[in-house]
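Enquirer: I'm passing along start.txt; it holds compact mmCIF, C-alpha atoms and all ligand atoms.
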```
# COMPACT_ATOMS: atom_id res chain seq x y z
CA MET A 1 -20.40 84.86 -3.08
CA ALA A 2 -20.41 86.36 -6.51
CA VAL A 3 -23.54 88.22 -7.44
CA VAL A 4 -24.38 87.61 -11.08
CA GLU A 5 -26.35 90.54 -12.32
CA LYS A 6 -28.94 89.68 -14.92
CA GLU A 7 -28.34 91.68 -18.05
CA LYS A 8 -31.03 94.35 -18.23
CA ARG A 9 -33.07 94.04 -21.37
CA ILE A 10 -33.99 97.33 -22.96
CA PHE A 11 -37.13 97.87 -25.00
CA ARG A 12 -38.43 100.57 -27.28
CA ILE A 13 -42.17 101.11 -27.61
CA GLU A 14 -43.46 102.56 -30.85
CA ILE A 15 -46.94 104.08 -30.84
CA ASP A 16 -48.69 105.31 -33.96
CA PRO A 17 -50.96 108.13 -32.73
CA ARG A 18 -52.66 108.17 -36.13
CA LEU A 19 -53.93 104.62 -35.51
CA CYS A 20 -54.44 104.53 -31.72
CA LYS A 21 -58.08 104.92 -30.65
CA ALA A 22 -57.32 105.14 -26.93
CA CYS A 23 -59.41 102.02 -26.23
CA VAL A 24 -57.34 101.37 -23.06
CA ILE A 25 -56.97 97.61 -23.75
CA CYS A 26 -53.16 97.75 -23.76
CA VAL A 27 -53.07 99.90 -20.63
CA ASP A 28 -55.35 97.47 -18.78
CA PHE A 29 -53.52 94.30 -19.81
CA CYS A 30 -49.93 95.50 -19.39
CA PRO A 31 -48.63 93.40 -16.47
CA THR A 32 -46.13 96.03 -15.31
CA ASP A 33 -48.15 99.24 -15.72
CA VAL A 34 -45.96 100.80 -18.40
CA LEU A 35 -48.67 102.58 -20.37
CA MET A 36 -51.21 105.35 -19.83
CA ILE A 37 -53.75 107.29 -21.86
CA ASN A 38 -52.79 110.85 -22.62
CA GLY A 39 -55.57 112.70 -24.39
CA ASN A 40 -56.56 110.81 -27.56
CA THR A 41 -53.70 108.35 -27.58
CA VAL A 42 -51.74 105.92 -25.50
CA ALA A 43 -48.41 107.03 -24.05
CA VAL A 44 -45.48 105.43 -22.24
CA LYS A 45 -45.30 106.34 -18.57
CA ASN A 46 -42.66 103.93 -17.27
CA LEU A 47 -40.51 102.37 -20.00
CA ASP A 48 -38.10 100.98 -17.44
CA ALA A 49 -40.75 98.54 -16.20
CA CYS A 50 -41.40 97.07 -19.68
CA ASN A 51 -40.56 93.34 -19.88
CA GLY A 52 -41.15 93.01 -23.61
CA CYS A 53 -44.06 90.57 -23.25
CA GLN A 54 -45.83 92.16 -26.26
CA LEU A 55 -49.28 91.67 -24.72
CA CYS A 56 -50.01 95.29 -25.63
CA ASP A 57 -49.27 94.68 -29.31
CA ASN A 58 -51.06 91.33 -29.45
CA ARG A 59 -54.27 92.67 -27.92
CA CYS A 60 -54.25 96.05 -29.69
CA PRO A 61 -57.12 95.98 -32.22
CA ASP A 62 -55.65 98.89 -34.17
CA PHE A 63 -52.08 97.96 -35.18
CA ALA A 64 -51.03 101.01 -33.14
CA ILE A 65 -48.35 99.76 -30.75
CA GLN A 66 -45.18 97.69 -31.19
CA VAL A 67 -42.38 96.73 -28.83
CA PHE A 68 -38.79 96.30 -30.04
CA GLU A 69 -35.84 94.99 -28.06
CA GLU A 70 -32.81 97.29 -28.23
CA MET B 1 -20.27 63.69 -24.58
CA SER B 2 -21.71 66.96 -25.72
CA THR B 3 -22.04 67.84 -29.35
CA PRO B 4 -20.39 70.99 -30.71
CA ALA B 5 -23.83 72.58 -31.02
CA GLU B 6 -24.51 72.07 -27.31
CA GLU B 7 -21.15 73.50 -26.35
CA ALA B 8 -21.79 76.58 -28.42
CA LYS B 9 -25.17 77.19 -26.78
CA PRO B 10 -24.22 79.26 -23.72
CA LEU B 11 -22.21 81.58 -25.91
CA ALA B 12 -25.02 82.20 -28.39
CA LYS B 13 -26.73 85.49 -27.62
CA LYS B 14 -30.39 85.29 -26.70
CA LYS B 15 -32.48 86.27 -29.70
CA LYS B 16 -33.86 89.77 -29.48
CA LYS B 17 -37.61 90.13 -29.45
CA VAL B 18 -39.07 91.61 -32.59
CA PRO B 19 -42.73 92.38 -33.13
CA PHE B 20 -44.64 90.64 -35.93
CA ASP B 21 -44.61 92.78 -39.08
CA TYR B 22 -48.19 93.03 -40.37
CA SER B 23 -47.37 95.58 -43.07
CA PRO B 24 -46.92 93.10 -46.00
CA TYR B 25 -50.49 91.91 -45.36
CA ILE B 26 -52.17 95.30 -45.02
CA ARG B 27 -53.24 97.29 -48.07
CA GLY B 28 -51.32 100.53 -48.21
CA GLY B 29 -53.11 103.54 -46.79
CA LYS B 30 -56.14 101.57 -45.59
CA LEU B 31 -55.55 102.03 -41.86
CA PRO B 32 -57.02 103.23 -39.55
CA HIS B 33 -59.87 100.75 -40.00
CA ILE B 34 -63.52 101.67 -39.38
CA TRP B 35 -63.94 99.51 -36.27
CA CYS B 36 -64.82 101.28 -33.01
CA PRO B 37 -62.30 101.73 -30.19
CA GLY B 38 -61.85 98.36 -28.48
CA CYS B 39 -63.75 96.32 -31.12
CA GLY B 40 -62.47 92.75 -31.04
CA HIS B 41 -62.46 92.35 -34.83
CA GLY B 42 -59.00 93.97 -35.12
CA ILE B 43 -57.49 91.58 -32.57
CA VAL B 44 -58.92 88.59 -34.44
CA LEU B 45 -57.55 89.92 -37.73
CA LYS B 46 -54.06 90.04 -36.25
CA SER B 47 -54.22 86.41 -35.09
CA LEU B 48 -55.50 85.49 -38.55
CA LEU B 49 -52.64 87.27 -40.36
CA ARG B 50 -50.04 85.58 -38.14
CA ALA B 51 -51.66 82.21 -38.85
CA VAL B 52 -51.62 82.71 -42.63
CA HIS B 53 -48.02 83.89 -42.39
CA ALA B 54 -47.07 80.78 -40.41
CA SER B 55 -48.61 78.58 -43.11
CA GLY B 56 -46.17 80.02 -45.66
CA THR B 57 -48.97 80.38 -48.20
CA SER B 58 -48.36 83.02 -50.87
CA GLN B 59 -50.76 85.96 -50.57
CA ASN B 60 -51.72 85.39 -54.22
CA ASP B 61 -53.02 81.92 -53.36
CA VAL B 62 -55.33 83.16 -50.60
CA ALA B 63 -58.84 84.43 -51.25
CA MET B 64 -60.81 86.12 -48.50
CA VAL B 65 -64.57 86.32 -48.93
CA SER B 66 -67.00 88.11 -46.62
CA GLY B 67 -70.67 89.03 -46.38
CA ILE B 68 -71.96 92.24 -44.77
CA GLY B 69 -71.34 93.45 -41.24
CA CYS B 70 -68.54 95.11 -39.30
CA SER B 71 -66.63 91.80 -39.33
CA SER B 72 -67.23 91.50 -43.06
CA ARG B 73 -65.32 94.73 -43.64
CA THR B 74 -62.08 92.77 -43.01
CA PRO B 75 -61.23 92.02 -46.69
CA GLY B 76 -61.02 95.75 -47.41
CA TYR B 77 -57.86 95.99 -45.34
CA VAL B 78 -55.86 92.95 -46.38
CA ASP B 79 -53.63 92.26 -49.35
CA PHE B 80 -55.09 88.93 -50.48
CA ASN B 81 -57.54 88.23 -53.31
CA THR B 82 -60.70 89.62 -51.73
CA LEU B 83 -64.45 89.62 -52.25
CA HIS B 84 -66.89 91.67 -50.15
CA THR B 85 -70.31 90.29 -51.10
CA LEU B 86 -73.94 90.36 -49.91
CA HIS B 87 -75.33 89.91 -46.41
CA GLY B 88 -75.38 86.21 -45.56
CA ARG B 89 -74.01 85.11 -48.93
CA ALA B 90 -70.26 84.96 -48.31
CA ILE B 91 -70.31 81.15 -48.36
CA THR B 92 -72.12 81.03 -51.71
CA TYR B 93 -69.51 83.25 -53.39
CA ALA B 94 -66.74 81.31 -51.66
CA THR B 95 -68.24 78.05 -52.97
CA GLY B 96 -68.22 79.35 -56.55
CA LEU B 97 -64.68 80.59 -56.20
CA LYS B 98 -63.35 77.34 -54.74
CA MET B 99 -65.13 75.20 -57.35
CA ALA B 100 -63.77 77.36 -60.19
CA ASN B 101 -60.24 77.43 -58.77
CA PRO B 102 -59.70 74.60 -56.26
CA LYS B 103 -56.06 75.62 -55.79
CA LEU B 104 -57.07 78.77 -53.89
CA LYS B 105 -57.06 78.70 -50.10
CA VAL B 106 -60.41 80.27 -49.35
CA LEU B 107 -61.10 82.08 -46.07
CA VAL B 108 -64.65 83.13 -45.26
CA ILE B 109 -65.02 86.03 -42.84
CA THR B 110 -68.51 86.30 -41.43
CA GLY B 111 -70.36 87.57 -38.36
CA ASP B 112 -72.76 85.66 -36.12
CA GLY B 113 -75.62 87.46 -37.88
CA ASP B 114 -74.17 87.02 -41.35
CA ALA B 115 -73.34 83.32 -40.88
CA LEU B 116 -76.14 82.02 -38.71
CA ALA B 117 -79.22 84.20 -39.35
CA ILE B 118 -79.58 85.31 -42.98
CA GLY B 119 -76.78 82.97 -44.06
CA GLY B 120 -77.71 79.99 -41.85
CA ASN B 121 -78.90 77.89 -44.76
CA HIS B 122 -75.67 78.34 -46.73
CA PHE B 123 -73.69 77.64 -43.59
CA ILE B 124 -75.20 74.21 -42.91
CA HIS B 125 -75.02 73.13 -46.54
CA ALA B 126 -71.36 74.11 -46.86
CA CYS B 127 -70.66 71.96 -43.80
CA ARG B 128 -72.69 69.09 -45.28
CA ARG B 129 -70.67 69.12 -48.51
CA ASN B 130 -67.32 69.37 -46.78
CA LEU B 131 -66.02 71.85 -49.34
CA ASP B 132 -62.53 73.04 -48.42
CA LEU B 133 -63.40 76.43 -46.90
CA THR B 134 -62.08 77.99 -43.70
CA ILE B 135 -65.12 79.69 -42.17
CA LEU B 136 -64.28 82.17 -39.42
CA VAL B 137 -67.35 83.35 -37.51
CA TYR B 138 -66.60 86.59 -35.65
CA ASN B 139 -69.11 86.03 -32.86
CA ASN B 140 -69.82 89.18 -30.86
CA PHE B 141 -73.36 88.02 -29.94
CA THR B 142 -74.97 90.87 -31.86
CA TYR B 143 -75.49 92.70 -35.15
CA GLY B 144 -72.82 95.35 -34.66
CA MET B 145 -73.10 97.18 -37.97
CA THR B 146 -76.81 97.88 -37.68
CA SER B 147 -76.53 99.02 -34.04
CA GLY B 148 -76.86 96.00 -31.83
CA GLN B 149 -79.91 93.88 -32.63
CA THR B 150 -80.44 90.38 -31.20
CA SER B 151 -78.54 87.78 -33.21
CA PRO B 152 -78.83 83.97 -33.28
CA THR B 153 -76.02 83.75 -30.70
CA THR B 154 -77.22 86.44 -28.26
CA THR B 155 -77.19 84.95 -24.76
CA GLN B 156 -80.58 84.61 -23.06
CA GLY B 157 -81.38 87.56 -20.82
CA LYS B 158 -79.05 89.96 -22.64
CA ILE B 159 -80.27 93.34 -23.86
CA SER B 160 -80.24 94.45 -27.49
CA THR B 161 -81.88 97.11 -29.67
CA THR B 162 -84.58 94.59 -30.58
CA GLY B 163 -84.73 92.93 -27.16
CA ARG B 164 -85.04 95.77 -24.69
CA HIS B 165 -86.29 93.52 -21.89
CA GLY B 166 -83.78 90.73 -22.31
CA ASN B 167 -83.49 88.05 -24.98
CA ILE B 168 -85.77 85.03 -24.54
CA ASP B 169 -84.49 83.14 -27.62
CA PRO B 170 -82.24 80.16 -26.90
CA PRO B 171 -78.99 80.82 -28.80
CA PHE B 172 -77.33 78.65 -31.41
CA ASP B 173 -74.01 77.09 -30.47
CA THR B 174 -72.07 77.67 -33.71
CA CYS B 175 -69.84 74.66 -33.08
CA THR B 176 -72.59 72.16 -32.25
CA LEU B 177 -74.43 73.30 -35.37
CA ALA B 178 -71.34 73.02 -37.59
CA LYS B 179 -70.50 69.56 -36.30
CA ALA B 180 -74.07 68.28 -36.71
CA ALA B 181 -74.16 69.67 -40.25
CA GLY B 182 -70.98 67.78 -41.17
CA ALA B 183 -68.03 70.17 -40.86
CA THR B 184 -64.82 68.21 -40.46
CA TYR B 185 -62.86 70.72 -38.32
CA VAL B 186 -64.73 72.62 -35.63
CA ALA B 187 -63.12 74.82 -33.00
CA ARG B 188 -63.66 77.86 -30.81
CA GLY B 189 -61.26 80.61 -29.84
CA THR B 190 -61.43 84.13 -28.46
CA ALA B 191 -59.71 87.44 -29.13
CA TYR B 192 -58.45 87.40 -25.52
CA HIS B 193 -56.61 84.08 -26.13
CA PHE B 194 -54.81 85.54 -29.17
CA GLN B 195 -52.03 82.95 -29.31
CA GLU B 196 -54.32 79.94 -29.01
CA LEU B 197 -56.56 81.58 -31.65
CA GLU B 198 -53.62 81.92 -34.04
CA LYS B 199 -52.89 78.20 -33.62
CA ILE B 200 -56.56 77.24 -34.15
CA ILE B 201 -56.87 79.40 -37.27
CA PHE B 202 -53.63 77.87 -38.57
CA ASP B 203 -55.04 74.34 -38.06
CA ALA B 204 -58.36 75.30 -39.63
CA PHE B 205 -56.56 76.86 -42.60
CA MET B 206 -54.42 73.73 -43.15
CA HIS B 207 -57.34 71.33 -42.73
CA LYS B 208 -58.77 69.88 -45.95
CA GLY B 209 -62.56 70.15 -45.84
CA THR B 210 -64.97 72.56 -44.23
CA SER B 211 -63.50 74.06 -41.11
CA VAL B 212 -65.48 76.33 -38.82
CA VAL B 213 -64.00 78.48 -36.06
CA ASP B 214 -66.37 80.28 -33.70
CA ILE B 215 -64.41 83.30 -32.49
CA ILE B 216 -65.75 85.11 -29.44
CA ASP B 217 -64.98 88.82 -29.56
CA ALA B 218 -66.38 92.04 -28.18
CA CYS B 219 -68.66 94.76 -29.54
CA PRO B 220 -68.18 97.37 -26.82
CA THR B 221 -70.25 99.99 -28.67
CA TYR B 222 -73.57 98.10 -28.62
CA TYR B 223 -73.50 94.74 -26.82
CA GLY B 224 -71.14 96.21 -24.26
CA LYS B 225 -73.08 99.41 -23.69
CA TYR B 226 -76.53 97.76 -23.53
CA ASN B 227 -75.36 95.08 -21.14
CA LYS B 228 -73.43 97.45 -18.89
CA TYR B 229 -69.91 96.12 -19.37
CA ALA B 230 -67.48 98.70 -18.01
CA SER B 231 -65.09 98.66 -21.00
CA ALA B 232 -63.70 96.62 -23.88
CA THR B 233 -61.26 95.07 -21.41
CA ASP B 234 -64.12 94.14 -19.08
CA MET B 235 -65.88 92.37 -21.98
CA MET B 236 -62.71 90.48 -22.86
CA GLU B 237 -62.36 89.36 -19.26
CA GLN B 238 -65.99 88.42 -18.64
CA LEU B 239 -67.04 87.01 -22.01
CA GLU B 240 -63.78 85.64 -23.39
CA LYS B 241 -61.57 84.75 -20.40
CA ASP B 242 -64.16 83.82 -17.74
CA GLY B 243 -66.98 82.95 -20.17
CA THR B 244 -65.02 80.11 -21.81
CA VAL B 245 -63.13 77.04 -20.64
CA SER B 246 -60.65 75.01 -22.63
CA VAL B 247 -61.59 71.45 -23.56
CA LYS B 248 -58.82 70.28 -21.22
CA GLN B 249 -59.98 72.35 -18.22
CA ALA B 250 -63.54 71.19 -18.86
CA GLU B 251 -62.60 67.56 -18.21
CA LYS B 252 -62.06 68.40 -14.54
CA LEU B 253 -65.24 70.42 -14.08
CA THR B 254 -68.73 69.30 -13.04
CA PRO B 255 -71.77 70.02 -15.25
CA GLU B 256 -72.77 72.72 -12.73
CA GLU B 257 -69.37 74.41 -13.04
CA LEU B 258 -69.62 74.29 -16.84
CA GLU B 259 -73.06 75.91 -16.85
CA GLY B 260 -73.09 79.04 -19.02
CA LYS B 261 -69.50 78.55 -20.26
CA LEU B 262 -68.50 78.02 -23.87
CA LEU B 263 -65.92 75.34 -24.66
CA ARG B 264 -62.68 76.54 -26.24
CA GLY B 265 -60.23 74.61 -28.42
CA VAL B 266 -60.68 71.92 -31.07
CA LEU B 267 -64.17 70.45 -30.56
CA HIS B 268 -64.39 68.11 -33.52
CA ARG B 269 -62.13 66.72 -36.19
CA SER B 270 -62.86 64.05 -38.80
CA GLU B 271 -61.94 62.95 -42.31
CA ARG B 272 -64.39 62.80 -45.20
CA PRO B 273 -64.01 63.20 -48.97
CA GLU B 274 -63.58 66.85 -49.89
CA TYR B 275 -66.21 68.28 -52.23
CA SER B 276 -64.11 70.02 -54.90
CA GLU B 277 -61.95 66.88 -55.24
CA GLU B 278 -65.02 64.68 -55.61
CA TYR B 279 -66.32 67.06 -58.25
CA GLY B 280 -62.95 66.97 -60.04
CA LYS B 281 -63.08 63.15 -60.09
CA LEU B 282 -66.59 63.20 -61.51
CA VAL B 283 -65.55 65.61 -64.27
CA THR B 284 -62.53 63.43 -65.16
CA SER B 285 -64.61 60.24 -65.26
CA LEU B 286 -67.25 61.82 -67.49
CA GLN B 287 -64.59 63.23 -69.83
CA SER B 288 -62.95 59.81 -70.18
CA LYS B 289 -66.27 58.33 -71.31
CA LYS B 290 -66.44 60.69 -74.30
C1 LIG A 301 -80.19 91.57 -47.24
C2 LIG A 301 -79.77 92.46 -46.11
N1 LIG A 301 -80.48 92.44 -44.97
C3 LIG A 301 -80.08 93.20 -43.91
C4 LIG A 301 -79.00 94.01 -44.03
C5 LIG A 301 -78.60 94.89 -42.84
N2 LIG A 301 -77.45 94.40 -42.15
C6 LIG A 301 -76.21 94.84 -42.42
S1 LIG A 301 -75.03 94.17 -41.44
C7 LIG A 301 -76.19 93.26 -40.60
C8 LIG A 301 -75.83 92.37 -39.44
C9 LIG A 301 -74.37 92.27 -39.15
O1 LIG A 301 -74.16 91.49 -38.02
P1 LIG A 301 -73.01 90.41 -37.95
O2 LIG A 301 -72.99 89.59 -39.16
O3 LIG A 301 -73.15 89.68 -36.67
O4 LIG A 301 -71.66 91.27 -37.99
P2 LIG A 301 -71.05 92.39 -37.01
O5 LIG A 301 -71.48 93.70 -37.59
O6 LIG A 301 -71.58 92.17 -35.63
O7 LIG A 301 -69.60 92.17 -37.11
C10 LIG A 301 -77.47 93.50 -41.10
C11 LIG A 301 -78.70 92.88 -40.56
C12 LIG A 301 -78.29 94.01 -45.24
N3 LIG A 301 -77.17 94.75 -45.40
N4 LIG A 301 -78.69 93.23 -46.25
S1 LIG A 302 -44.47 94.73 -23.85
FE1 LIG A 302 -45.57 93.96 -22.05
S2 LIG A 302 -44.63 95.05 -20.36
FE2 LIG A 302 -44.03 96.18 -22.19
S3 LIG A 302 -45.62 97.76 -22.44
FE3 LIG A 302 -46.28 96.02 -23.63
S4 LIG A 302 -47.63 94.86 -22.25
FE4 LIG A 302 -46.40 96.27 -20.98
S1 LIG A 303 -54.74 98.89 -27.49
FE1 LIG A 303 -54.04 99.97 -29.34
S2 LIG A 303 -55.69 101.37 -29.88
FE2 LIG A 303 -56.06 100.69 -27.78
S3 LIG A 303 -55.06 102.27 -26.52
FE3 LIG A 303 -53.55 100.67 -26.83
S4 LIG A 303 -52.39 101.28 -28.65
FE4 LIG A 303 -54.26 102.53 -28.60
S1 LIG A 304 -70.37 98.44 -33.85
FE1 LIG A 304 -69.52 96.81 -32.59
S2 LIG A 304 -68.85 95.22 -34.06
FE2 LIG A 304 -69.13 97.15 -35.20
S3 LIG A 304 -67.11 98.12 -35.22
FE3 LIG A 304 -68.23 98.96 -33.48
S4 LIG A 304 -67.63 97.64 -31.76
FE4 LIG A 304 -67.08 96.54 -33.63
```
Show me the file's structure as structure tokens.
Ligand SMILES: Cc1ncc(C[n+]2csc(CCOP(=O)(O)OP(=O)(O)O)c2C)c(N)n1
Ligand code: SF4
Ligand code: SF4
Ligand code: SF4

Expert:
Amino acid sequence: MAVVEKEKRIFRIEIDPRLCKACVICVDFCPTDVLMINGNTVAVKNLDACNGCQLCDNRCPDFAIQVFEE
Amino acid sequence: MSTPAEEAKPLAKKKKKVPFDYSPYIRGGKLPHIWCPGCGHGIVLKSLLRAVHASGTSQNDVAMVSGIGCSSRTPGYVDFNTLHTLHGRAITYATGLKMANPKLKVLVITGDGDALAIGGNHFIHACRRNLDLTILVYNNFTYGMTSGQTSPTTTQGKISTTGRHGNIDPPFDTCTLAKAAGATYVARGTAYHFQELEKIIFDAFMHKGTSVVDIIDACPTYYGKYNKYASATDMMEQLEKDGTVSVKQAEKLTPEELEGKLLRGVLHRSERPEYSEEYGKLVTSLQSKK
């Protein structure tokens, strides 16, 4: 039986540390635990797990995070 | 038989996801905004910008008018025609603007304090006239800007700067009030339900007549701190996700299950003559008598 491998979708997460207020909303709502807080800003801890759902962007109050598909 | 378009489908590459570009709508150099970490006002603003974008309205044809409060700081950040006015008076300025230039699409940004306490009188009379305004009430159950006093929508039992032992005042339901006063589009959304909110704001914006959207969002700094919510996320989950039910879900619930929940979605819609058009007709008829 042929195994059809689903093409892996690759995402790029852009964070603007000038705008991020480390409110943790995106970290809490990310369904696959991609993000973490590092000091005064959010950071990516596991990009591989990102599914591109954009919940982080949509619930970020500060225009600080965006997700692009590569 | 399949059409050529259908045959071509499997070959067409899936569209790549791109984030919404807010930059054309944000005044250069104005970010970061003054709102606290986790304040819901920024999330609401994003839904609002996507809704205006979806309407295809030119930025030059949009006017945003606000009163005073954290929510009312919104016009300072956006590239529309904007007016930041006096506490409670956003609707009065918006009325003047719309009557002078009925072609403008006028958005009123107001807080629960701004709209329903000091501005309560203007609010009900705008609804009564059915002037074509889109009134967005950023309802965080408190006066955020002045450090968390009790507002007309503060839930009973909740703590505020002016209600240290728990609020005993029964709150206003913004939507019930708007409907009773005559608004012809009345809905409620939350920052948590950002997509649904975008759709509601779009509908409200397109509706001809007074539309009112009660938007539940969080003030983690005061309402959150006084009432012991763990975080902004916790407020979004308790107040916005669990504290509301959609009109559709509500149909299946008993009155007991609905107790303490706010209804979400379109709550009222009707058609009535729009005020600036009626005024225009009156002017034309009087001019023709000359
Ligand atoms: C005439 C007048 N009275 C009182 C104030 C003080 N004041 C400023 S903002 C505000 C309340 C703001 O609350 P709300 O409208 O709910 O907006 P939020 O800050 O929560 O977004 C008050 C009472 C004022 N600026 N002007
Ligand atoms: S796009 Fe979705 S999965 Fe990726 S980081 Fe954002 S919330 Fe997480
Ligand atoms: S939601 Fe926005 S402001 Fe908050 S931590 Fe994430 S990127 Fe930063
Ligand atoms: S005080 Fe409350 S409403 Fe005002 S910006 Fe801070 S969190 Fe938002």

Enquirer: Tell me which protein, DNA and RNA residues are within 7 Å of stretch 136-138 of chain B, counting all atoms listed in the file, leaving out same-chain ones fewer than 6 positions away, and put them as a list in words.

Expert: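 Using all atoms listed in the file, the neighbours found are Ser71, Val108, Ile109, Thr110, Gly111, Asp112, Ala115, Val212, Val213, Asp214, Ile215, Ile216 and Asp217 of chain B.
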
Enquirer: At a cut-off of 8 Å around ligand LIG 302 (chain A), and using all atoms listed in the file, what residues come up? Please write them as a VMD selection string.

Expert: chain A and resid 11 13 26 to 27 29 to 35 44 47 49 to 57 66 to 67

Enquirer: Within 6 Å of chain B, which residues of chain A show up when using only C-alpha atoms, listed as a ChimeraX atom specification?

Expert: /A:19,21,23,25,59,61,68-69

Enquirer: One decimal, Å: what's the distance from atom CA of B:Ile68 over to atom C6 of ligand LIG 301 (chain A), could you say?

Expert: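 It comes out at 5.5 Å.
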
Enquirer: I'd like to know which of A:Asn58, A:Asp48, A:Ala64, A:Pro17 is closest to ligand LIG 303 (chain A), using only C-alpha atoms and all ligand atoms.

Expert: A:Ala64

Enquirer: So which residues are close to (-69.9, 86.1, -50.1), meaning at most 12 Å away in the file's coordinates with only C-alpha atoms counted, and can you show them as a count of residues only?

Expert: 39

Enquirer: Here's a test: counting only C-alpha atoms, identify every protein, DNA and RNA residue with an atom at most 9 Å from (-59.7, 65.1, -37.1) in the file's coordinate frame, and state them as a PyMOL selection string.

Expert: chain B and resi 184-185+207+268-271

Enquirer: Quick one: pull the distance between atom C8 of ligand LIG 301 (chain A) and atom CA of B:Gly113, Å, one decimal.

Expert: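 Between these atoms lies a distance of 5.2 Å.
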
Enquirer: Need the axis-aligned box for ligand LIG 304 (chain A) with 6 Å each side, so what are the centre and edges in Å to one decimal, as AutoDock Vina command-line options?

Expert:
```
--center_x -68.7 --center_y 97.1 --center_z -33.5 --size_x 15.3 --size_y 15.7 --size_z 15.5
```

Enquirer: Rounded to one decimal, what separation in Å do you get between atom CA of B:Thr154 and atom CA of B:Tyr223?

Expert: 9.2 Å

Enquirer: Can you sort out stretch 7-12 of chain A so it carries all heavy atoms, written as a compact mmCIF listing (two decimals), keeping the file's coordinate frame?

Expert:
```
# COMPACT_ATOMS: atom_id res chain seq x y z
N GLU A 7 -28.46 90.57 -17.09
CA GLU A 7 -28.34 91.68 -18.05
C GLU A 7 -29.69 92.33 -18.26
O GLU A 7 -30.68 91.66 -18.54
CB GLU A 7 -27.81 91.14 -19.38
CG GLU A 7 -27.13 92.21 -20.20
CD GLU A 7 -26.74 91.70 -21.58
OE1 GLU A 7 -26.19 90.57 -21.66
OE2 GLU A 7 -26.99 92.42 -22.56
N LYS A 8 -29.76 93.62 -18.10
CA LYS A 8 -31.03 94.35 -18.23
C LYS A 8 -31.42 94.43 -19.70
O LYS A 8 -30.63 94.86 -20.54
CB LYS A 8 -30.87 95.75 -17.64
CG LYS A 8 -32.05 96.66 -17.87
CD LYS A 8 -32.93 96.77 -16.63
CE LYS A 8 -34.09 97.73 -16.86
NZ LYS A 8 -35.27 97.14 -17.48
N ARG A 9 -32.62 93.97 -19.98
CA ARG A 9 -33.07 94.04 -21.37
C ARG A 9 -33.79 95.37 -21.58
O ARG A 9 -34.61 95.79 -20.78
CB ARG A 9 -33.99 92.86 -21.66
CG ARG A 9 -33.26 91.53 -21.49
CD ARG A 9 -34.20 90.37 -21.60
NE ARG A 9 -34.58 90.13 -22.98
CZ ARG A 9 -35.50 89.23 -23.33
NH1 ARG A 9 -36.12 88.52 -22.42
NH2 ARG A 9 -35.79 89.03 -24.60
N ILE A 10 -33.45 96.00 -22.70
CA ILE A 10 -33.99 97.33 -22.96
C ILE A 10 -34.98 97.28 -24.12
O ILE A 10 -34.69 96.66 -25.15
CB ILE A 10 -32.85 98.32 -23.30
CG1 ILE A 10 -31.73 98.12 -22.29
CG2 ILE A 10 -33.37 99.76 -23.41
CD1 ILE A 10 -31.29 99.27 -21.51
N PHE A 11 -36.11 97.90 -23.96
CA PHE A 11 -37.13 97.87 -25.00
C PHE A 11 -37.49 99.27 -25.49
O PHE A 11 -37.31 100.24 -24.77
CB PHE A 11 -38.39 97.17 -24.47
CG PHE A 11 -38.12 95.74 -24.09
CD1 PHE A 11 -37.87 95.40 -22.76
CD2 PHE A 11 -38.06 94.75 -25.05
CE1 PHE A 11 -37.59 94.08 -22.41
CE2 PHE A 11 -37.78 93.44 -24.71
CZ PHE A 11 -37.53 93.11 -23.39
N ARG A 12 -37.97 99.30 -26.69
CA ARG A 12 -38.43 100.57 -27.28
C ARG A 12 -39.88 100.35 -27.69
O ARG A 12 -40.21 99.35 -28.33
CB ARG A 12 -37.55 100.88 -28.50
CG ARG A 12 -38.02 102.03 -29.38
CD ARG A 12 -36.93 102.43 -30.38
NE ARG A 12 -36.39 101.27 -31.09
CZ ARG A 12 -36.86 100.80 -32.26
NH1 ARG A 12 -37.86 101.39 -32.85
NH2 ARG A 12 -36.30 99.75 -32.85
```
